[in-house]
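The block underneath contains the structure these notes are about, expressed in structure tokens.
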Amino acid sequence: MELSKNPEKKAFACQMLAERAAALGRLPTRADFSETDIVFIKAHLGPWPRALETAGLKPKSTKGKRGAKRTKRQKKL
């Protein structure tokens with residue numbers, strides 16, 4: 001999936017997420033939006049976790065797949 005390069009639409013998608021988070025008092029989930037809104041947000045910001053990160057609602061993940069696997073292996077030891 002190729003993300004939109006339109007900065008105005010990206011900003012609007014971020015605004016949608018931020019406004020819903022403020023209204024709810026928590027991180028918004030896909031269930032808090034209509035199907036049309038979900039498609040718009042994901043088209044311009046990517047998968048839901050990345051969209052929340054881009055909107056500044058969730059800290060960026062510092063772990064990639066390798067970090068998660070490493071943590072899992074360390075817990076087994």
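Ordered as shown in the structure tokens, chains take letters A, B, and onward, while each chain numbers its residues from 1 and ligands are numbered from 1 in the order shown.
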When DSSP is applied to the backbone of this structure, which of region 15-68 of chain A are assigned helix (DSSP H, G or I)? Write them out as a ChimeraX atom specification.
/A:15-24,30-32,35-45,48-54,65-68
Between CA of Glu8 (chain A) and CA of Leu24 (chain A), what is the distance, to one decimal in Å?
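Computed distance, CA of Glu8 (chain A) to CA of Leu24 (chain A), equals 24.2 Å.
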Mind checking which residues fall within 10 Å of Ala43 (chain A), counting only C-alpha atoms, ignoring those fewer than 2 positions away in the same chain, and posting them as a compact mmCIF listing (two decimals) with all heavy atoms, in the first residue's frame?
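Output saved as out.txt:
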```
# COMPACT_ATOMS: atom_id res chain seq x y z
N MET A 1 0.84 -1.17 0.00
CA MET A 1 0.00 0.00 0.00
C MET A 1 0.89 1.23 0.00
O MET A 1 1.76 1.37 0.82
CB MET A 1 -0.89 0.00 1.24
CG MET A 1 -1.66 1.28 1.43
SD MET A 1 -2.94 1.22 2.69
CE MET A 1 -2.00 1.33 4.17
N GLU A 2 0.66 2.12 -0.93
CA GLU A 2 1.43 3.34 -1.01
C GLU A 2 0.67 4.44 -0.26
O GLU A 2 -0.51 4.69 -0.51
CB GLU A 2 1.64 3.75 -2.46
CG GLU A 2 2.55 4.94 -2.59
CD GLU A 2 2.88 5.25 -4.03
OE1 GLU A 2 2.98 4.31 -4.83
OE2 GLU A 2 3.02 6.43 -4.34
N LEU A 3 1.36 5.08 0.67
CA LEU A 3 0.72 6.13 1.45
C LEU A 3 0.63 7.41 0.65
O LEU A 3 1.44 7.68 -0.23
CB LEU A 3 1.52 6.39 2.73
CG LEU A 3 1.61 5.24 3.71
CD1 LEU A 3 2.43 5.63 4.92
CD2 LEU A 3 0.24 4.80 4.15
N SER A 4 -0.34 8.22 1.00
CA SER A 4 -0.55 9.50 0.35
C SER A 4 0.63 10.43 0.61
O SER A 4 1.22 10.43 1.69
CB SER A 4 -1.82 10.15 0.89
OG SER A 4 -1.92 11.48 0.48
N LYS A 9 -3.91 16.28 3.49
CA LYS A 9 -4.73 15.12 3.85
C LYS A 9 -4.13 14.38 5.03
O LYS A 9 -4.86 13.89 5.90
CB LYS A 9 -4.92 14.21 2.65
CG LYS A 9 -5.83 14.83 1.61
CD LYS A 9 -6.12 13.90 0.47
CE LYS A 9 -7.07 14.58 -0.52
NZ LYS A 9 -7.43 13.70 -1.62
N LYS A 10 -2.79 14.30 5.09
CA LYS A 10 -2.15 13.68 6.25
C LYS A 10 -2.48 14.47 7.51
O LYS A 10 -2.81 13.89 8.55
CB LYS A 10 -0.63 13.63 6.06
CG LYS A 10 -0.16 12.55 5.14
CD LYS A 10 1.35 12.54 5.12
CE LYS A 10 1.87 11.43 4.23
NZ LYS A 10 3.33 11.35 4.26
N ALA A 13 -6.04 13.81 8.57
CA ALA A 13 -6.18 12.49 9.20
C ALA A 13 -5.65 12.53 10.63
O ALA A 13 -6.28 11.98 11.55
CB ALA A 13 -5.44 11.43 8.38
N ASP A 37 -14.04 6.69 7.34
CA ASP A 37 -12.97 7.39 8.06
C ASP A 37 -11.74 6.50 8.24
O ASP A 37 -10.61 6.96 8.10
CB ASP A 37 -13.46 7.87 9.42
CG ASP A 37 -14.45 9.01 9.34
OD1 ASP A 37 -14.53 9.67 8.27
OD2 ASP A 37 -15.15 9.26 10.34
N ILE A 38 -11.96 5.24 8.55
CA ILE A 38 -10.85 4.30 8.74
C ILE A 38 -10.05 4.17 7.45
O ILE A 38 -8.82 4.22 7.48
CB ILE A 38 -11.37 2.92 9.20
CG1 ILE A 38 -12.02 3.02 10.57
CG2 ILE A 38 -10.25 1.88 9.21
CD1 ILE A 38 -12.83 1.81 10.97
N VAL A 39 -10.73 4.02 6.35
CA VAL A 39 -10.05 3.89 5.05
C VAL A 39 -9.24 5.15 4.77
O VAL A 39 -8.08 5.08 4.34
CB VAL A 39 -11.08 3.62 3.92
CG1 VAL A 39 -10.42 3.73 2.56
CG2 VAL A 39 -11.70 2.25 4.10
N PHE A 40 -9.81 6.32 5.03
CA PHE A 40 -9.11 7.59 4.80
C PHE A 40 -7.85 7.68 5.66
O PHE A 40 -6.77 7.98 5.18
CB PHE A 40 -10.05 8.77 5.09
CG PHE A 40 -9.40 10.11 4.90
CD1 PHE A 40 -9.31 10.67 3.64
CD2 PHE A 40 -8.86 10.80 5.97
CE1 PHE A 40 -8.71 11.91 3.45
CE2 PHE A 40 -8.25 12.03 5.79
CZ PHE A 40 -8.18 12.58 4.53
N ILE A 41 -7.99 7.40 6.96
CA ILE A 41 -6.87 7.50 7.88
C ILE A 41 -5.76 6.54 7.48
O ILE A 41 -4.58 6.92 7.40
CB ILE A 41 -7.34 7.24 9.34
CG1 ILE A 41 -8.21 8.40 9.82
CG2 ILE A 41 -6.15 7.04 10.27
CD1 ILE A 41 -8.99 8.12 11.10
N LEU A 45 -2.02 7.57 6.53
CA LEU A 45 -1.09 7.42 7.65
C LEU A 45 -0.56 6.01 7.83
O LEU A 45 0.34 5.79 8.64
CB LEU A 45 -1.76 7.88 8.95
CG LEU A 45 -2.27 9.32 8.99
CD1 LEU A 45 -2.93 9.61 10.32
CD2 LEU A 45 -1.15 10.31 8.70
N GLY A 46 -1.10 5.04 7.13
CA GLY A 46 -0.62 3.67 7.25
C GLY A 46 -1.42 2.85 8.25
O GLY A 46 -2.51 3.25 8.66
N PRO A 47 -0.87 1.72 8.67
CA PRO A 47 -1.57 0.85 9.61
C PRO A 47 -1.93 1.60 10.90
O PRO A 47 -1.28 2.57 11.26
CB PRO A 47 -0.56 -0.27 9.90
CG PRO A 47 0.41 -0.20 8.78
CD PRO A 47 0.44 1.21 8.30
N ALA A 51 -0.49 5.05 12.43
CA ALA A 51 -1.32 6.25 12.33
C ALA A 51 -1.37 6.97 13.67
O ALA A 51 -1.25 8.20 13.74
CB ALA A 51 -2.72 5.89 11.85
```
Please compute the CA of Pro49 (chain A)-CA of Met16 (chain A) distance, one decimal, in Å.
14.8 Å
If we count only C-alpha atoms, what is near Gly56 (chain A) at a cut-off of 10 Å, once residues fewer than 5 positions away on the same chain are taken out, given as an MDAnalysis selection string?
chainID A and resid 14 17:18 50:51
Applying 12 Å and only C-alpha atoms, which residues near Arg26 (chain A) remain after dropping the ones on its own chain fewer than 5 positions away? List them as a ChimeraX atom specification.
/A:17-21,32,52,57-58
Would you put the residues from that selection into a file with N, CA and C atoms, as a PDB file, in the first residue's frame?
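Written output follows (again-v6.pdb):
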```pdb
ATOM      1  N   LEU A  17      -7.842  11.978  14.256  1.00  0.00           N
ATOM      2  CA  LEU A  17      -7.448  11.103  15.361  1.00  0.00           C
ATOM      3  C   LEU A  17      -7.308  11.891  16.664  1.00  0.00           C
ATOM      4  N   ALA A  18      -6.665  13.050  16.597  1.00  0.00           N
ATOM      5  CA  ALA A  18      -6.437  13.857  17.798  1.00  0.00           C
ATOM      6  C   ALA A  18      -7.757  14.350  18.403  1.00  0.00           C
ATOM      7  N   GLU A  19      -8.668  14.792  17.558  1.00  0.00           N
ATOM      8  CA  GLU A  19      -9.957  15.264  18.063  1.00  0.00           C
ATOM      9  C   GLU A  19     -10.757  14.139  18.718  1.00  0.00           C
ATOM     10  N   ARG A  20     -10.724  12.960  18.111  1.00  0.00           N
ATOM     11  CA  ARG A  20     -11.459  11.829  18.683  1.00  0.00           C
ATOM     12  C   ARG A  20     -10.817  11.406  20.005  1.00  0.00           C
ATOM     13  N   ALA A  21      -9.479  11.428  20.069  1.00  0.00           N
ATOM     14  CA  ALA A  21      -8.790  11.074  21.312  1.00  0.00           C
ATOM     15  C   ALA A  21      -9.159  12.059  22.422  1.00  0.00           C
ATOM     16  N   ASP A  32     -14.132   3.357  16.827  1.00  0.00           N
ATOM     17  CA  ASP A  32     -14.603   4.710  17.117  1.00  0.00           C
ATOM     18  C   ASP A  32     -14.849   5.540  15.856  1.00  0.00           C
ATOM     19  N   LEU A  52      -1.545   6.206  14.746  1.00  0.00           N
ATOM     20  CA  LEU A  52      -1.561   6.811  16.086  1.00  0.00           C
ATOM     21  C   LEU A  52      -0.217   7.436  16.418  1.00  0.00           C
ATOM     22  N   LEU A  57      -0.167  10.560  19.138  1.00  0.00           N
ATOM     23  CA  LEU A  57      -0.987  10.055  20.240  1.00  0.00           C
ATOM     24  C   LEU A  57      -0.338   8.892  20.974  1.00  0.00           C
ATOM     25  N   LYS A  58       0.611   8.270  20.336  1.00  0.00           N
ATOM     26  CA  LYS A  58       1.259   7.082  20.884  1.00  0.00           C
ATOM     27  C   LYS A  58       2.751   7.231  20.606  1.00  0.00           C
TER      28      LYS A  58
END
```
Kindly give the distance, in Å, that separates CA of Gly25 (chain A) and CA of His44 (chain A), rounded to a single decimal.
23.6 Å
